[in-house]
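Engineer: Quick one: this structure, given as structure tokens, is what I'll be asking you about.
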Amino acid sequence: MLRDWIEQAAEHHGDAVYLAEARGAGTLTYAGLRRAVSDWARRLDEAGLPPGARIAVRHDGPLEYATALLAIVAAGRVAVPLDPAAPPAEVERVVAVARPAATVTTGSFRIHLSERARGDSGIFLCTSGTTGTPKGILLRDEQLTHTAESVVAAHRLTSADRGYCSLPLFHVNAEVVGLLATLRAGAYLAVDRKFSRRGFWELIAERRITWINAVPAIISILAMDPPAPRPAGVRFVRSASAPLPRAALDRFELATGVPVIETYGMTEAASMITANPLDARRPGSAGRAAGSQVRIEAPDGIAAPGEIGRVRIRGGGVIRAYASGGRPGAIDADGWLDTGDLGYLDADGYLFLAGRCDDVINRGGEKIYPREIEEVLLAQPGVSAAAVVGAPDEVLGERPVAYVVPDDGWAAADVEELLRKACEAELPRHKQPGEYRLVAELPHGSTGKIARRQLKDLVTAAR
């Protein structure tokens with residue numbers, strides 16, 4: 001399927017630019033991508049690597065990385081994306097799960113072992129989620145292309161669009177939402193090595209960008225540095241990878257005039273599961289099902305509208321089994337995958353996330369969802385970031401502890417007093433944090449998600 005897409009795009013768009021370095025002069029045309037696929041197919045055949053062989057990719061440059069990734073999959077093999085900046089121990093962890101037959105790095109191509117034919121082509125990703133247990137996920141060609149087509153339809157991408165993506169190419173969002181959706185639309189994508197606040201809006205204007213692929217951390221930073229004049233031609237900013245606080249969304253839209261499209265996805269679904277419609281957004285919601293089915297399960301069956309339960313998904317982009325690891329029973333016989341997230345659907349099918357199952361705080365039998373406390377904290381003027389985790393309590397089992405990053409210029413005592421008063425006014429007593437810890441920054445993963453396990457470890461260590 002992917003190779004067909006590349007052939008069709010080369011026929012229709014030829015020398016039009018498909019990918020461009022956001023802060024450089026390098027480009028890749030659609031015709032150039034087709035040539036790269038042919039070159040890679042010949043190279044892999046000559047190396048004795050059969051269809052389905054796993055090839056690890058660890059390029060430094062985004063154009064080289066993207067080209068190798070796409071060409072390997074289109075040539076009928078399985079790409080194993082690696083973080084080029086990862087320490088050796090992390091690389092070894094992924095390699096131990098994926099067991100690639102060869103590795104492609106900048107300037108080298110190394111074969112590790114003979115490989116028997118597997119027959120699948122696609123992308124193999126290794127994710128630990130929130131548990132720390134490595135899970136191997138093989139996203140086949142047809143799953144990747146299914147979700148990419150859903151992205152094109154949901155965001156109404158056309159060949160006239162010009163996207164911007166600074167998200168890491170070794171994660172599914174950039175691979176599917178960035179590379180594959182742009183390919184299917186016959187559009188243009190500027191790929192950046194990493195996000196930089198400096199000169200961002202000038203770059204967007206210079207490249208005539210029409211949509212931005214982002215995560216909540218990027219949106220929060222940009223809200224503090226509004227462009228002047230406001231950007232012309234940017235249709236929307238797409239938010240993914242983690243819940244976007246309502247306060248951050250409001251600040252960004254007020255500062256820039258650009259609408260934010262909130263979405264929800266995961267590696268096991270080849271990225272996107274739900275998305276807000278462009279003309280019917282509901283701030284605070286992750287949107288409606290887009291290319292996948294979504295249902296909420298309560299302990300006694302399917303949850304009623306508005307009732308919080310476990311989020312389950314299935315569809316053309318969703319895996320039917322883990323390649324390795326994975327929790328037993330996470331995918332049932334009918335293909336429904338337990339995401340590990342909690343949320344509810346409203347009467348119109350919009351999904352509202354409450355948090356991860358593992359993040360729920362049990363205080364004396366009362367269930368507390370961190371996000372509802374975080375929304376109160378983030379709405380306060382002296383706060384730039386916040387996260388709530390459960391701390392052990394000898395009497396109640398757990399109690400909520402708030403980690404807060406104060407804005408510049410605010411005294412710690414003033415921020416803490418402000419937060420206490422806000423929580424007392426807006427939250428019932430059992431949901432109010434018992435402790436506020438002011439920190440310079442919160443730990444984040446490479447996709448912008450708050451690393452809650454690290455915060456929990458800090459809470460435990462401080463006892």
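Going by the structure tokens order, chains are called A, B, ..., each with residues numbered from 1, while ligands are numbered from 1 in the order shown.
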Which residues of region 378-453 of chain A come within 9 Å of region 230-244 of chain A, and what is each one's closest atom pair and distance in Å (one decimal), counting only C-alpha atoms, sorted by chain and residue number, as CSV?
Structural biologist:
```
residue,atom,partner,partner_atom,distance
A:Thr447,CA,A:Ser241,CA,6.4
A:Gly448,CA,A:Ser241,CA,6.9
A:Lys449,CA,A:Ala242,CA,5.4
A:Ile450,CA,A:Ala242,CA,8.1
```
Engineer: Could you give me, as JSON lines, every region 61-154 of chain A residue with an atom at most 6 Å from region 162-176 of chain A, plus its closest atom pair and distance in Å to one decimal, counting only C-alpha atoms, rows ordered by chain then number?
Structural biologist:
```
{"residue": "A:Pro81", "atom": "CA", "partner": "A:Phe170", "partner_atom": "CA", "distance": 4.8}
{"residue": "A:Leu82", "atom": "CA", "partner": "A:Phe170", "partner_atom": "CA", "distance": 5.7}
{"residue": "A:Asp83", "atom": "CA", "partner": "A:Phe170", "partner_atom": "CA", "distance": 5.9}
{"residue": "A:Ala148", "atom": "CA", "partner": "A:Val176", "partner_atom": "CA", "distance": 5.6}
```
Engineer: Can you work out which one of A:Val57, A:Ser384, A:His155, A:Ala20 has the shortest atom-to-atom distance to Met224 (chain A), counting only C-alpha atoms?
Structural biologist: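 The closest residue to Met224 (chain A) is A:Ser384.
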Engineer: Can you tell me, as a ChimeraX atom specification, what residues are no more than 8 Å from Trp201 (chain A) when counting only C-alpha atoms, ignoring any on the same chain fewer than 2 positions away?
Structural biologist: /A:199,203-205,227,231
Engineer: Those residues you just picked out, can you put them in a file as a tab-separated table (two decimals), in the first residue's frame with C-alpha atoms?
Structural biologist:
```tsv
chain	number	residue	atom	x	y	z
A	199	GLY	CA	12.29	32.68	15.52
A	203	LEU	CA	9.80	30.47	10.27
A	204	ILE	CA	6.08	29.70	10.04
A	205	ALA	CA	5.51	32.83	7.98
A	227	PRO	CA	3.49	36.62	17.26
A	231	PRO	CA	0.07	34.45	11.70
```
Engineer: With distances taken over only C-alpha atoms, which residue among A:Pro245, A:Thr147, A:Leu377, A:Asp161 lies nearest Val215 (chain A)?
Structural biologist: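 Closest to Val215 (chain A) of all the choices is A:Pro245.
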Engineer: Give me, as CSV, each residue of region 73-132 of chain A that comes within 9 Å of region 318-339 of chain A, together with its shortest interatomic pair and the distance in Å at one decimal, counting only C-alpha atoms, with rows ordered by chain and rising residue number.
Structural biologist:
```
residue,atom,partner,partner_atom,distance
A:Val97,CA,A:Ser324,CA,7.3
A:Ala98,CA,A:Ser324,CA,8.7
A:Phe124,CA,A:Ala323,CA,8.7
```
Engineer: Keeping N, CA and C atoms, export the residues of the selection given above as a compact mmCIF listing (two decimals), in the first residue's frame.
Structural biologist:
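Below you can see again24.txt, which holds the result:
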```
# COMPACT_ATOMS: atom_id res chain seq x y z
N VAL A 97 14.42 -6.02 22.20
CA VAL A 97 13.01 -6.35 21.94
C VAL A 97 12.76 -6.53 20.45
N ALA A 98 13.30 -5.63 19.62
CA ALA A 98 13.02 -5.65 18.18
C ALA A 98 13.85 -6.68 17.42
N PHE A 124 8.26 -1.14 13.46
CA PHE A 124 8.30 -1.81 14.77
C PHE A 124 8.72 -0.77 15.81
```
Engineer: Running DSSP on the backbone, which parts of region 145-368 of chain A land in helix (DSSP H, G or I), as a PyMOL selection string?
Structural biologist: chain A and resi 145-155+172-185+200-206+216-223+246-256+267-269+357-359
Engineer: Nearest to Tyr18 (chain A): which of A:Pro62, A:Pro88, A:Gly186, A:Gly316 is it, counting only C-alpha atoms?
Structural biologist: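 Of A:Pro62, A:Pro88, A:Gly186, A:Gly316, the one nearest Tyr18 (chain A), counting only C-alpha atoms, is A:Gly186.
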Engineer: Just asking: which residues within region 256-348 of chain A are strand (DSSP E) according to DSSP, as an MDAnalysis selection string?
Structural biologist: chainID A and resid 260:266 271:275 288:289 292:298 301:302 309:315 337:345
Engineer: Write out as a VMD selection string the residues lying within 9 Å of Gly306 (chain A), counting only C-alpha atoms and excluding same-chain residues fewer than 6 positions away.
Structural biologist: chain A and resid 343 to 347 352
Engineer: One decimal, Å: what's the distance from CA of Leu455 (chain A) over to CA of Leu396 (chain A), could you say?
Structural biologist: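 These two atoms are separated by 19.8 Å.
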Engineer: Which of these residues is nearest to Glu416 (chain A), using only C-alpha atoms: A:Arg399, A:Arg437, A:Lys431, A:Arg452?
Structural biologist: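 Smallest separation from Glu416 (chain A) among the options: A:Arg437.
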